[in-house]
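Have a look at entry_11.csv below; it lists CSV, C-alpha atoms.
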chain,number,residue,atom,x,y,z
A,1,MET,CA,-75.8,74.7,-170.2
A,2,ILE,CA,-76.8,72.9,-167.1
A,3,ASN,CA,-78.3,74.7,-164.1
A,4,ARG,CA,-75.6,74.9,-161.4
A,5,GLU,CA,-78.0,74.9,-158.5
A,6,ARG,CA,-75.4,73.8,-156.0
A,7,TYR,CA,-73.9,77.3,-156.3
A,8,ILE,CA,-77.0,79.3,-157.0
A,9,GLU,CA,-78.7,77.9,-153.8
A,10,LYS,CA,-75.9,79.6,-151.8
A,11,ILE,CA,-76.3,82.9,-153.6
A,12,ARG,CA,-80.1,83.0,-153.6
A,13,PRO,CA,-80.5,84.1,-149.9
A,14,PHE,CA,-78.5,87.3,-150.7
A,15,TYR,CA,-80.6,88.4,-153.8
A,16,GLU,CA,-82.2,91.3,-151.9
A,17,SER,CA,-79.2,92.1,-149.7
A,18,ASP,CA,-77.2,95.3,-150.2
A,19,LEU,CA,-74.0,93.3,-149.7
A,20,ILE,CA,-72.0,93.1,-153.0
A,21,LYS,CA,-72.2,89.5,-154.2
A,22,VAL,CA,-68.7,88.6,-155.4
A,23,ILE,CA,-68.5,85.5,-157.7
A,24,THR,CA,-64.9,84.4,-158.2
A,25,GLY,CA,-63.0,81.4,-159.5
A,26,ILE,CA,-60.5,80.3,-162.1
A,27,ARG,CA,-60.9,81.5,-165.7
A,28,ARG,CA,-63.4,79.5,-167.7
A,29,CYS,CA,-64.9,77.6,-164.8
A,30,GLY,CA,-68.4,78.9,-165.5
A,31,LYS,CA,-68.7,82.0,-163.4
A,32,SER,CA,-70.4,84.0,-166.2
A,33,VAL,CA,-72.9,81.1,-166.7
A,34,VAL,CA,-73.8,81.1,-163.0
A,35,LEU,CA,-74.1,84.9,-163.1
A,36,GLU,CA,-76.4,84.6,-166.2
A,37,GLN,CA,-78.5,82.0,-164.4
A,38,VAL,CA,-79.0,84.2,-161.4
A,39,LYS,CA,-79.9,87.1,-163.7
A,40,ASN,CA,-82.4,85.0,-165.6
A,41,GLU,CA,-84.0,83.8,-162.3
A,42,LEU,CA,-84.5,87.4,-161.2
A,43,ALA,CA,-85.7,88.6,-164.6
A,44,ALA,CA,-88.3,85.8,-164.6
A,45,HIS,CA,-89.7,87.4,-161.5
A,46,GLY,CA,-89.9,90.8,-163.3
A,47,LYS,CA,-86.9,92.4,-161.7
A,48,LYS,CA,-85.1,95.3,-163.4
A,49,ILE,CA,-81.7,94.2,-164.7
A,50,ILE,CA,-78.4,95.9,-165.8
A,51,HIS,CA,-75.8,93.5,-167.1
A,52,LEU,CA,-72.3,94.5,-168.3
A,53,ASN,CA,-69.8,92.0,-169.5
A,54,PHE,CA,-66.3,93.6,-169.5
A,55,GLU,CA,-64.8,90.8,-171.6
A,56,LEU,CA,-66.7,92.3,-174.5
A,57,ARG,CA,-64.7,95.0,-176.3
A,58,SER,CA,-67.9,97.0,-177.0
A,59,VAL,CA,-68.3,97.3,-173.2
A,60,SER,CA,-64.7,97.6,-171.9
A,61,SER,CA,-63.8,100.3,-174.5
A,62,LYS,CA,-66.6,102.6,-173.3
A,63,ILE,CA,-66.4,102.0,-169.6
A,64,THR,CA,-62.9,102.1,-168.3
A,65,ASP,CA,-63.0,103.5,-164.8
A,66,ASP,CA,-65.3,104.0,-161.8
A,67,GLU,CA,-66.7,107.4,-162.9
A,68,GLU,CA,-67.8,106.1,-166.3
A,69,LEU,CA,-69.3,103.0,-164.7
A,70,ILE,CA,-71.3,105.0,-162.2
A,71,ASN,CA,-72.5,107.5,-164.8
A,72,TYR,CA,-73.6,104.7,-167.1
A,73,ILE,CA,-75.6,102.9,-164.5
A,74,GLU,CA,-77.1,106.1,-163.0
A,75,GLU,CA,-78.4,107.1,-166.4
A,76,LYS,CA,-80.1,103.7,-166.8
A,77,ILE,CA,-81.7,104.0,-163.3
A,78,LYS,CA,-82.9,107.6,-164.0
A,79,ALA,CA,-85.0,106.3,-166.9
A,80,ARG,CA,-86.9,104.0,-164.5
A,81,PRO,CA,-86.3,105.2,-161.0
A,82,ASP,CA,-89.1,103.3,-159.3
A,83,GLY,CA,-88.1,100.1,-157.5
A,84,LYS,CA,-85.0,98.1,-157.1
A,85,TRP,CA,-82.3,97.5,-159.8
A,86,TYR,CA,-80.2,94.4,-160.0
A,87,ILE,CA,-76.8,95.1,-161.4
A,88,PHE,CA,-74.5,92.4,-162.9
A,89,LEU,CA,-70.9,93.2,-163.7
A,90,ASP,CA,-69.0,90.4,-165.4
A,91,GLU,CA,-65.2,90.3,-165.1
A,92,VAL,CA,-65.3,93.7,-163.5
A,93,GLN,CA,-61.6,93.7,-162.5
A,94,SER,CA,-60.8,95.3,-165.8
A,95,VAL,CA,-62.5,98.6,-164.7
A,96,LYS,CA,-60.1,101.0,-162.9
A,97,ASN,CA,-61.3,101.5,-159.3
A,98,TRP,CA,-64.2,99.1,-159.8
A,99,ASN,CA,-64.4,98.7,-156.0
A,100,LEU,CA,-65.1,102.5,-155.6
A,101,ALA,CA,-67.9,102.3,-158.1
A,102,CYS,CA,-69.5,99.3,-156.3
A,103,LYS,CA,-69.1,101.0,-153.0
A,104,SER,CA,-71.0,104.0,-154.3
A,105,LEU,CA,-73.7,102.1,-156.3
A,106,ARG,CA,-74.7,99.9,-153.4
A,107,LEU,CA,-75.9,103.0,-151.5
A,108,GLY,CA,-78.8,103.3,-153.9
A,109,ASN,CA,-81.8,100.9,-154.2
A,110,THR,CA,-79.6,98.2,-155.9
A,111,SER,CA,-78.4,94.7,-155.5
A,112,ILE,CA,-75.0,94.2,-157.1
A,113,PHE,CA,-73.4,91.0,-158.4
A,114,ILE,CA,-69.8,90.9,-159.8
A,115,THR,CA,-67.5,88.3,-161.2
A,116,GLY,CA,-63.7,88.2,-161.5
A,117,SER,CA,-61.1,85.6,-162.3
A,118,ASN,CA,-58.6,86.5,-159.6
A,119,SER,CA,-58.9,86.4,-155.8
A,120,LYS,CA,-57.1,89.7,-155.6
A,121,LEU,CA,-60.8,90.8,-155.7
A,122,LEU,CA,-60.8,89.7,-152.1
A,123,SER,CA,-57.3,90.6,-151.0
A,124,LYS,CA,-56.4,93.1,-148.4
A,125,GLU,CA,-56.1,96.0,-150.9
A,126,PHE,CA,-59.7,95.6,-151.8
A,127,THR,CA,-61.3,94.2,-148.7
A,128,LYS,CA,-60.2,97.4,-147.0
A,129,GLU,CA,-62.7,99.2,-149.2
A,130,LEU,CA,-65.4,96.5,-149.3
A,131,SER,CA,-65.0,95.5,-145.6
A,132,GLY,CA,-68.4,94.3,-144.3
A,133,ARG,CA,-70.0,95.1,-147.6
A,134,TYR,CA,-69.5,91.9,-149.6
A,135,VAL,CA,-70.2,88.2,-149.5
A,136,SER,CA,-68.1,85.8,-151.8
A,137,PHE,CA,-68.9,82.6,-153.7
A,138,THR,CA,-66.2,80.6,-155.4
A,139,ILE,CA,-67.2,78.7,-158.6
A,140,ARG,CA,-65.1,75.7,-159.7
A,141,PRO,CA,-64.8,73.5,-162.8
A,142,PHE,CA,-67.4,70.7,-163.2
A,143,VAL,CA,-67.4,67.7,-160.9
A,144,TYR,CA,-68.4,64.3,-162.3
A,145,LYS,CA,-72.2,64.6,-161.6
A,146,GLU,CA,-72.2,67.9,-163.5
A,147,ILE,CA,-70.2,66.5,-166.3
A,148,GLN,CA,-72.7,63.6,-166.7
A,149,GLU,CA,-75.6,66.1,-166.8
A,150,TYR,CA,-73.9,68.3,-169.4
A,151,ALA,CA,-72.7,65.4,-171.5
A,152,ALA,CA,-76.3,64.2,-171.7
A,153,GLU,CA,-77.3,67.6,-172.8
A,154,LEU,CA,-74.7,67.5,-175.6
A,155,GLY,CA,-75.6,63.9,-176.5
A,156,LYS,CA,-72.2,62.6,-175.5
A,157,GLU,CA,-70.7,60.1,-173.1
A,158,VAL,CA,-67.8,60.9,-170.7
A,159,SER,CA,-66.0,58.2,-168.9
A,160,ILE,CA,-64.6,58.3,-165.4
A,161,ASN,CA,-61.1,57.8,-167.0
A,162,ASP,CA,-61.6,60.8,-169.2
A,163,TYR,CA,-62.5,62.9,-166.1
A,164,LEU,CA,-59.4,61.7,-164.3
A,165,ILE,CA,-57.2,62.7,-167.2
A,166,TYR,CA,-58.8,65.9,-168.6
A,167,GLY,CA,-60.8,67.2,-165.7
A,168,GLY,CA,-63.9,69.4,-165.7
A,169,PHE,CA,-63.4,72.7,-167.5
A,170,PRO,CA,-66.9,73.1,-169.0
A,171,LYS,CA,-66.0,74.3,-172.5
A,172,ARG,CA,-63.8,71.3,-173.2
A,173,PHE,CA,-66.8,69.0,-173.6
A,174,GLU,CA,-68.0,71.0,-176.6
A,175,PHE,CA,-65.1,70.1,-178.9
A,176,PRO,CA,-65.6,67.4,-181.5
A,177,ASP,CA,-62.2,65.7,-181.1
A,178,ARG,CA,-59.4,65.2,-178.7
A,179,GLU,CA,-56.9,67.4,-180.7
A,180,SER,CA,-59.2,70.4,-180.5
A,181,MET,CA,-59.9,69.8,-176.8
A,182,LEU,CA,-56.2,69.6,-176.0
A,183,ARG,CA,-55.5,72.8,-178.0
A,184,TYR,CA,-58.2,74.6,-175.9
A,185,LEU,CA,-56.8,73.3,-172.6
A,186,ASN,CA,-53.2,74.3,-173.5
A,187,ASP,CA,-54.3,77.8,-174.7
A,188,LEU,CA,-56.3,78.2,-171.4
A,189,ASP,CA,-53.3,77.1,-169.4
A,190,GLN,CA,-51.1,79.7,-171.3
A,191,THR,CA,-53.7,82.4,-170.8
A,192,ILE,CA,-53.9,81.8,-167.0
A,193,VAL,CA,-50.2,81.6,-166.5
A,194,LEU,CA,-49.3,84.6,-168.8
A,195,ASN,CA,-52.2,86.9,-168.6
A,196,ASP,CA,-53.6,86.2,-165.1
A,197,ILE,CA,-50.3,85.8,-163.3
A,198,ILE,CA,-47.1,86.9,-165.1
A,199,ASN,CA,-48.6,90.1,-166.5
A,200,ARG,CA,-50.7,90.9,-163.5
A,201,TYR,CA,-47.9,90.6,-161.0
A,202,LYS,CA,-45.2,91.9,-163.4
A,203,ILE,CA,-43.0,88.8,-162.9
A,204,ARG,CA,-39.7,89.5,-164.5
A,205,LYS,CA,-38.1,86.0,-164.0
A,206,GLU,CA,-40.6,84.4,-166.4
A,207,GLU,CA,-38.4,81.3,-167.0
A,208,ILE,CA,-38.0,80.5,-163.3
A,209,PHE,CA,-41.7,81.1,-162.7
A,210,THR,CA,-42.7,78.8,-165.6
A,211,LYS,CA,-40.3,76.0,-164.3
A,212,LEU,CA,-41.9,76.3,-160.9
A,213,VAL,CA,-45.4,76.1,-162.3
A,214,ASP,CA,-44.6,73.0,-164.3
A,215,PHE,CA,-43.1,71.3,-161.3
A,216,VAL,CA,-45.9,72.1,-159.0
A,217,LEU,CA,-48.7,71.2,-161.3
A,218,VAL,CA,-47.4,67.8,-162.1
A,219,SER,CA,-46.7,67.2,-158.4
A,220,ASN,CA,-50.3,67.5,-157.3
A,221,ALA,CA,-51.7,65.6,-154.3
A,222,ARG,CA,-48.3,65.6,-152.5
A,223,ILE,CA,-47.0,67.2,-149.3
A,224,PHE,CA,-45.0,70.4,-150.1
A,225,SER,CA,-43.0,73.0,-148.4
A,226,SER,CA,-41.5,76.1,-149.9
A,227,ASN,CA,-38.1,74.7,-149.1
A,228,SER,CA,-38.9,71.5,-151.1
A,229,VAL,CA,-39.8,73.5,-154.1
A,230,HIS,CA,-36.7,75.7,-153.7
A,231,ASN,CA,-34.5,72.5,-153.4
A,232,TYR,CA,-36.0,71.2,-156.7
A,233,LEU,CA,-35.2,74.4,-158.5
A,234,LYS,CA,-31.7,74.4,-157.1
A,235,SER,CA,-31.2,70.8,-158.3
A,236,GLN,CA,-32.1,72.1,-161.8
A,237,LYS,CA,-29.4,74.8,-161.5
A,238,ILE,CA,-32.0,77.5,-161.0
A,239,GLU,CA,-31.2,80.3,-158.6
A,240,CYS,CA,-34.3,81.4,-156.7
A,241,SER,CA,-34.8,82.4,-153.0
A,242,VAL,CA,-37.3,80.6,-150.7
A,243,ASN,CA,-39.1,83.9,-150.3
A,244,THR,CA,-39.6,84.1,-154.1
A,245,VAL,CA,-40.9,80.5,-154.2
A,246,MET,CA,-43.4,81.4,-151.4
A,247,LYS,CA,-44.5,84.5,-153.4
A,248,TYR,CA,-44.9,82.5,-156.6
A,249,LEU,CA,-47.0,79.8,-154.9
A,250,ASP,CA,-49.2,82.5,-153.4
A,251,TYR,CA,-49.8,83.9,-157.0
A,252,LEU,CA,-50.9,80.5,-158.2
A,253,GLU,CA,-53.3,80.2,-155.3
A,254,GLU,CA,-54.6,83.7,-155.8
A,255,ALA,CA,-55.4,82.8,-159.4
A,256,TYR,CA,-57.1,79.6,-158.3
A,257,VAL,CA,-54.6,77.4,-160.1
A,258,ILE,CA,-53.7,75.4,-157.0
A,259,ARG,CA,-55.3,74.8,-153.6
A,260,LYS,CA,-53.5,74.2,-150.4
A,261,ILE,CA,-54.7,72.2,-147.4
A,262,PRO,CA,-52.7,72.1,-144.1
A,263,GLN,CA,-51.5,69.1,-142.3
A,264,TYR,CA,-52.8,68.4,-138.8
A,265,SER,CA,-50.6,66.4,-136.4
A,266,THR,CA,-52.2,64.4,-133.6
A,267,LYS,CA,-48.9,64.3,-131.9
A,268,ALA,CA,-48.3,68.0,-131.9
A,269,LYS,CA,-52.1,68.6,-131.7
A,270,LYS,CA,-51.8,71.5,-134.1
A,271,ARG,CA,-51.8,72.5,-137.8
A,272,LEU,CA,-48.4,72.2,-139.5
A,273,ASP,CA,-48.8,75.2,-141.8
A,274,PHE,CA,-45.2,74.9,-143.1
A,275,TYR,CA,-46.1,71.5,-144.6
A,276,THR,CA,-49.2,71.7,-146.9
A,277,LYS,CA,-50.6,69.4,-149.5
A,278,LEU,CA,-51.2,71.0,-152.9
A,279,TYR,CA,-53.9,70.2,-155.4
A,280,ASP,CA,-54.5,71.4,-158.9
A,281,GLU,CA,-57.8,73.3,-159.4
A,282,ASP,CA,-58.3,70.9,-162.3
A,283,VAL,CA,-56.4,67.8,-163.1
A,284,ALA,CA,-56.0,68.9,-166.7
A,285,PHE,CA,-53.1,71.1,-165.5
A,286,ASN,CA,-51.2,67.9,-164.7
A,287,SER,CA,-52.2,65.9,-167.8
A,288,ILE,CA,-51.3,68.5,-170.4
A,289,ARG,CA,-47.8,68.5,-169.0
A,290,GLN,CA,-47.3,64.7,-169.4
A,291,THR,CA,-45.6,63.1,-172.4
A,292,ASN,CA,-46.0,59.9,-174.3
A,293,GLY,CA,-49.5,59.4,-172.9
A,294,ARG,CA,-48.2,58.4,-169.5
A,295,PHE,CA,-50.8,60.1,-167.4
A,296,ASP,CA,-50.5,60.3,-163.6
A,297,LEU,CA,-53.8,58.6,-162.8
A,298,THR,CA,-52.8,57.8,-159.2
A,299,HIS,CA,-52.4,61.4,-158.1
A,300,ASN,CA,-55.1,62.7,-160.4
A,301,LEU,CA,-57.5,60.3,-158.7
A,302,GLU,CA,-56.7,61.7,-155.3
A,303,ASN,CA,-56.9,65.3,-156.7
A,304,THR,CA,-60.3,64.4,-158.1
A,305,VAL,CA,-61.6,63.1,-154.8
A,306,TYR,CA,-60.4,66.3,-153.2
A,307,ASN,CA,-62.3,68.4,-155.8
A,308,GLU,CA,-65.5,66.3,-155.2
A,309,LEU,CA,-65.2,66.6,-151.4
A,310,VAL,CA,-64.9,70.4,-151.7
A,311,PHE,CA,-68.0,70.4,-153.9
A,312,MET,CA,-69.8,68.4,-151.3
A,313,GLY,CA,-69.0,71.1,-148.8
A,314,TYR,CA,-66.4,69.5,-146.6
A,315,SER,CA,-63.5,71.3,-144.9
A,316,LEU,CA,-60.3,69.3,-145.4
A,317,ASN,CA,-57.0,68.7,-143.6
A,318,VAL,CA,-54.3,66.1,-144.0
A,319,LEU,CA,-54.1,64.1,-140.8
A,320,ASN,CA,-50.7,62.9,-139.6
A,321,ILE,CA,-50.9,60.2,-136.9
A,322,ASP,CA,-47.5,59.4,-135.5
A,323,GLY,CA,-45.9,59.9,-138.9
A,324,LYS,CA,-48.6,58.0,-140.8
A,325,GLU,CA,-50.6,60.2,-143.3
A,326,ILE,CA,-54.4,60.0,-143.8
A,327,ASP,CA,-55.2,61.8,-147.0
A,328,PHE,CA,-58.2,63.7,-145.7
A,329,LEU,CA,-59.8,64.6,-142.4
A,330,ALA,CA,-63.1,65.7,-143.8
A,331,SER,CA,-65.5,67.8,-141.7
A,332,LYS,CA,-69.0,69.0,-142.2
A,333,ASN,CA,-72.0,69.6,-139.9
A,334,ASN,CA,-70.0,68.6,-136.8
A,335,LYS,CA,-69.2,65.2,-138.3
A,336,GLU,CA,-65.7,64.1,-139.2
A,337,TYR,CA,-64.5,61.4,-141.5
A,338,LEU,CA,-61.1,59.8,-142.2
A,339,VAL,CA,-60.7,59.3,-145.9
A,340,GLN,CA,-57.9,57.4,-147.7
A,341,VAL,CA,-57.6,57.4,-151.5
A,342,ALA,CA,-55.7,55.0,-153.7
A,343,TYR,CA,-56.0,54.0,-157.4
A,344,SER,CA,-56.0,50.3,-156.3
A,345,VAL,CA,-55.4,48.2,-153.2
A,346,ALA,CA,-55.4,44.9,-155.1
A,347,GLU,CA,-51.7,44.4,-154.4
A,348,ASP,CA,-50.8,43.3,-150.9
A,349,SER,CA,-48.2,46.0,-150.4
A,350,THR,CA,-50.6,48.8,-151.4
A,351,TYR,CA,-53.3,47.3,-149.3
A,352,GLU,CA,-51.1,47.3,-146.2
A,353,ARG,CA,-49.8,50.8,-146.9
A,354,GLU,CA,-53.3,52.3,-147.2
A,355,PHE,CA,-54.8,50.5,-144.3
A,356,ALA,CA,-51.9,51.1,-141.9
A,357,PRO,CA,-52.8,54.8,-141.1
A,358,PHE,CA,-56.4,53.6,-140.3
A,359,ALA,CA,-55.0,51.1,-137.7
A,360,ALA,CA,-53.2,54.0,-136.0
A,361,ALA,CA,-56.5,55.9,-135.6
A,362,ASP,CA,-59.2,55.2,-133.1
A,363,ASN,CA,-62.8,54.5,-134.2
A,364,SER,CA,-64.3,57.8,-133.1
A,365,ARG,CA,-64.5,58.9,-136.8
A,366,LYS,CA,-65.9,56.9,-139.7
A,367,LYS,CA,-63.1,55.5,-141.8
A,368,ILE,CA,-63.5,55.5,-145.6
A,369,LEU,CA,-61.3,54.1,-148.4
A,370,ILE,CA,-61.9,55.2,-152.0
A,371,THR,CA,-60.3,53.3,-154.8
A,372,ASN,CA,-60.9,52.5,-158.5
A,373,ASP,CA,-61.2,48.8,-157.6
A,374,GLU,CA,-64.3,46.8,-158.5
A,375,ASN,CA,-63.9,44.3,-155.6
A,376,ASP,CA,-65.1,45.4,-152.1
A,377,PHE,CA,-62.2,45.7,-149.6
A,378,SER,CA,-64.4,46.8,-146.7
A,379,THR,CA,-63.4,45.6,-143.2
A,380,SER,CA,-65.2,45.7,-139.9
A,381,THR,CA,-63.8,49.2,-139.3
A,382,VAL,CA,-63.3,50.6,-142.8
A,383,GLN,CA,-65.9,51.3,-145.5
A,384,HIS,CA,-64.6,50.8,-149.0
A,385,ILE,CA,-66.3,53.0,-151.6
A,386,ARG,CA,-65.7,52.3,-155.3
A,387,LEU,CA,-64.8,55.5,-157.1
A,388,LYS,CA,-67.7,55.2,-159.6
A,389,ASP,CA,-70.1,55.1,-156.7
A,390,PHE,CA,-68.4,57.9,-154.8
A,391,LEU,CA,-68.6,60.2,-157.8
A,392,LEU,CA,-72.4,60.0,-157.7
A,393,MET,CA,-72.8,60.5,-154.0
A,394,LYS,CA,-74.3,63.7,-152.5
A,395,ASP,CA,-72.0,63.4,-149.4
A,396,LEU,CA,-70.0,60.7,-147.5
A,397,GLU,CA,-73.2,59.3,-146.1
A,398,GLY,CA,-74.6,58.5,-149.5

What does the file become when written as structure tokens?
Amino acid sequence: MINRERYIEKIRPFYESDLIKVITGIRRCGKSVVLEQVKNELAAHGKKIIHLNFELRSVSSKITDDEELINYIEEKIKARPDGKWYIFLDEVQSVKNWNLACKSLRLGNTSIFITGSNSKLLSKEFTKELSGRYVSFTIRPFVYKEIQEYAAELGKEVSINDYLIYGGFPKRFEFPDRESMLRYLNDLDQTIVLNDIINRYKIRKEEIFTKLVDFVLVSNARIFSSNSVHNYLKSQKIECSVNTVMKYLDYLEEAYVIRKIPQYSTKAKKRLDFYTKLYDEDVAFNSIRQTNGRFDLTHNLENTVYNELVFMGYSLNVLNIDGKEIDFLASKNNKEYLVQVAYSVAEDSTYEREFAPFAAADNSRKKILITNDENDFSTSTVQHIRLKDFLLMKDLEG
């Protein structure tokens, strides 16, 4: 497995800190691998390690609550009490009162690292206990640069088109054929929806929730409001309140299935939080719901650019300029960029549609257009970046 240095470099400054290092992210995005790589780095420097993976039945059956976890670790420490211990707890949310155990263990000469698949690890019910005692890091599926590195390790080739359709869940690249890969992605989708959401939140209206999930995940890279989702369900003869829709969308976000970015209006000079743009954590969630091989490459491409920009470290908003939408207002290191995304601007109508919002904006920010076209459509005020070049860039400066 490739070294995911982009994430590890953010965790490394906290190795010796008594803050609890919380590593979160969607199921099967590679959290355990990052945890293992951090552990190996510390072990290579002779550090004393305790590692418990609660996805293993041999571990979860013996350690079920905070008392059992504390007793187990304290016994290990007593055997070699000199010096600091580094404690790694993988998928710790399965332990009852895990937060109380971490709160207690961090008072000793320890450095604690934990992973979990649900951002409830960082919700109000837990941050009340961990307040001021944790630092969090979110791991995501592979971006294209990581895919290329892993594919080389596996002796495979992965095209950009494959990435736009099936995304970056690391495990999928290990399967020998498309059928096996699709079975894995569909099973993963079912596990996340059923185990990580329906069971966790005890959703009783499973059919309504499933309909909402299907609608949202094939509607990625679009402006949404809770009312618009509610109206769709109503058009399908499904009775569901707006409050329930809001709650279900929150569940999807808490399980890292979707991401929301707000719209910023230059006219109102404020964020329009009631209108947000939704992106799938991985475009595979869209593609496995398509039929007859008619994949939504247009919206998946924008979703992919979103994922890449987040990986590059940009904060993102949708920018609304007098009713004209620019896909991303990207900010990092006190620099801002206006970024438009299209599959192609070869047709005159598409070219005019994508460039019109740029014309409405002043030139105080760099303007960037990203498309899958081979031809260069740059102008005196807009830099056109081909998708295949963008996917290999470290940031928007190159």

In terms of all atoms listed in the file, the residue from A:Leu212, A:Leu217, A:Leu69, A:Val341 at minimal distance from Phe285 (chain A) is A:Leu217

Would you kindly return, as number ranges by chain, each protein, DNA or RNA residue with an atom no farther than 12 Å from any atom of Asn118 (chain A), considering all atoms listed in the file and excluding same-chain residues fewer than 5 positions away? A: 22-28, 31, 91-94, 123, 138-139, 192-193, 195-197, 200-201, 250-257

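Nearest to Tyr232 (chain A) of all the residues A:Asp214, A:Asp280, A:Asn334, A:Glu352 is A:Asp214, based on all atoms listed in the file.
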
Here is a test: counting only C-alpha atoms, which residue of A:Leu387, A:Val135, A:Leu185, A:Val158 is nearest to Glu308 (chain A)? A:Leu387

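In this structure, CA of Arg222 (chain A) sits 26.0 Å away from CA of Pro170 (chain A).
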
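You can rank A:Ser58, A:Gln37, A:Ser32, A:Ser378 by their closest distance to Ile8 (chain A) using all atoms listed in the file, and at the top of that list sits A:Gln37.
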
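Taking CA of Gly167 (chain A) and CA of Leu249 (chain A) as the two end points, the separation is 21.6 Å.
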
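Candidate residues A:Ser241, A:Asn3, A:Glu9, A:Asn220 were compared for distance to His299 (chain A), and the nearest is A:Asn220, using all atoms listed in the file.
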
Using all atoms listed in the file, the shortest atom-to-atom distance to Leu130 (chain A) among A:Asp18, A:Asp376, A:Glu179, A:Asp90 belongs to A:Asp18

Close residues, region 395-397 of chain A itself excluded, 12 Å, only C-alpha atoms, min 5 positions apart in chain, as JSON, numbers by chain: {"A": [305, 308, 309, 310, 311, 312, 313, 314, 330, 331, 332, 333, 335, 336, 337, 338, 339, 366, 367, 368, 369, 370, 383, 384, 385, 389, 390]}

Contacts of Thr210 (chain A) within 10 Å, only C-alpha atoms, excl. fewer than 5 positions in-chain, as a PDB file with C-alpha atoms, in the coordinates of the input:
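To be explicit, this is the file written out as out16.pdb:
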ATOM      1  CA  VAL A 193     -50.200  81.600-166.500  1.00  0.00           C
ATOM      2  CA  LEU A 194     -49.300  84.600-168.800  1.00  0.00           C
ATOM      3  CA  ILE A 198     -47.100  86.900-165.100  1.00  0.00           C
ATOM      4  CA  LYS A 205     -38.100  86.000-164.000  1.00  0.00           C
ATOM      5  CA  PHE A 215     -43.100  71.300-161.300  1.00  0.00           C
ATOM      6  CA  VAL A 216     -45.900  72.100-159.000  1.00  0.00           C
ATOM      7  CA  TYR A 248     -44.900  82.500-156.600  1.00  0.00           C
TER       8      TYR A 248
END

Extract, using all atoms listed in the file, all DNA, RNA and protein residues at most 12 Å from region 106-108 of chain A, discarding same-chain residues fewer than 6 positions from it, and format them as number ranges by chain. A: 16-21, 70, 73-74, 77-78, 81-87, 99-100, 130, 133-134

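Put simply, CA of Phe224 (chain A) is 28.6 Å away from CA of Ser364 (chain A).
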
Just the residues within 10 Å of Gly323 (chain A), please, counting all atoms listed in the file, with nothing from its chain fewer than 4 positions along; format it as a list in words. Ser265, Thr266, Lys267, Leu319, Pro357 and Ala360 of chain A

Residues within 10 Å of (-60.1, 102.9, -158.5), file coordinates, counting all atoms listed in the file: what are they? Give the list as a PyMOL selection string. chain A and resi 65-67+95-101+126

Using all atoms listed in the file, collect all residues at a distance of at most 12 Å from (-70.1, 53.1, -163.7) as written in the file, then present them as a PDB file with C-alpha atoms, in the coordinates of the input.
ATOM      1  CA  TYR A 144     -68.400  64.300-162.300  1.00  0.00           C
ATOM      2  CA  LYS A 145     -72.200  64.600-161.600  1.00  0.00           C
ATOM      3  CA  GLN A 148     -72.700  63.600-166.700  1.00  0.00           C
ATOM      4  CA  GLU A 157     -70.700  60.100-173.100  1.00  0.00           C
ATOM      5  CA  VAL A 158     -67.800  60.900-170.700  1.00  0.00           C
ATOM      6  CA  SER A 159     -66.000  58.200-168.900  1.00  0.00           C
ATOM      7  CA  ILE A 160     -64.600  58.300-165.400  1.00  0.00           C
ATOM      8  CA  ASN A 161     -61.100  57.800-167.000  1.00  0.00           C
ATOM      9  CA  ASN A 372     -60.900  52.500-158.500  1.00  0.00           C
ATOM     10  CA  ASP A 373     -61.200  48.800-157.600  1.00  0.00           C
ATOM     11  CA  GLU A 374     -64.300  46.800-158.500  1.00  0.00           C
ATOM     12  CA  ARG A 386     -65.700  52.300-155.300  1.00  0.00           C
ATOM     13  CA  LEU A 387     -64.800  55.500-157.100  1.00  0.00           C
ATOM     14  CA  LYS A 388     -67.700  55.200-159.600  1.00  0.00           C
ATOM     15  CA  ASP A 389     -70.100  55.100-156.700  1.00  0.00           C
ATOM     16  CA  PHE A 390     -68.400  57.900-154.800  1.00  0.00           C
ATOM     17  CA  LEU A 391     -68.600  60.200-157.800  1.00  0.00           C
ATOM     18  CA  LEU A 392     -72.400  60.000-157.700  1.00  0.00           C
TER      19      LEU A 392
END

Could I get region 38-44 of chain A rebuilt with N, CA and C atoms, written as a JSON list (two decimals), in the frame of the given file?
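So the final result, stored in selection22.json, reads:
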[["chain", "number", "residue", "atom", "x", "y", "z"],
["A", 38, "VAL", "N", -78.39, 83.36, -162.42],
["A", 38, "VAL", "CA", -79.00, 84.20, -161.40],
["A", 38, "VAL", "C", -79.76, 85.34, -161.97],
["A", 39, "LYS", "N", -79.18, 85.98, -162.98],
["A", 39, "LYS", "CA", -79.90, 87.10, -163.70],
["A", 39, "LYS", "C", -81.19, 86.62, -164.26],
["A", 40, "ASN", "N", -81.19, 85.48, -164.93],
["A", 40, "ASN", "CA", -82.40, 85.00, -165.60],
["A", 40, "ASN", "C", -83.48, 84.65, -164.53],
["A", 41, "GLU", "N", -83.04, 84.13, -163.39],
["A", 41, "GLU", "CA", -84.00, 83.80, -162.30],
["A", 41, "GLU", "C", -84.67, 85.07, -161.80],
["A", 42, "LEU", "N", -83.90, 86.13, -161.64],
["A", 42, "LEU", "CA", -84.50, 87.40, -161.20],
["A", 42, "LEU", "C", -85.34, 88.04, -162.26],
["A", 43, "ALA", "N", -84.88, 87.98, -163.50],
["A", 43, "ALA", "CA", -85.70, 88.60, -164.60],
["A", 43, "ALA", "C", -87.00, 87.85, -164.75],
["A", 44, "ALA", "N", -87.03, 86.55, -164.49],
["A", 44, "ALA", "CA", -88.30, 85.80, -164.60],
["A", 44, "ALA", "C", -89.30, 86.24, -163.57]]
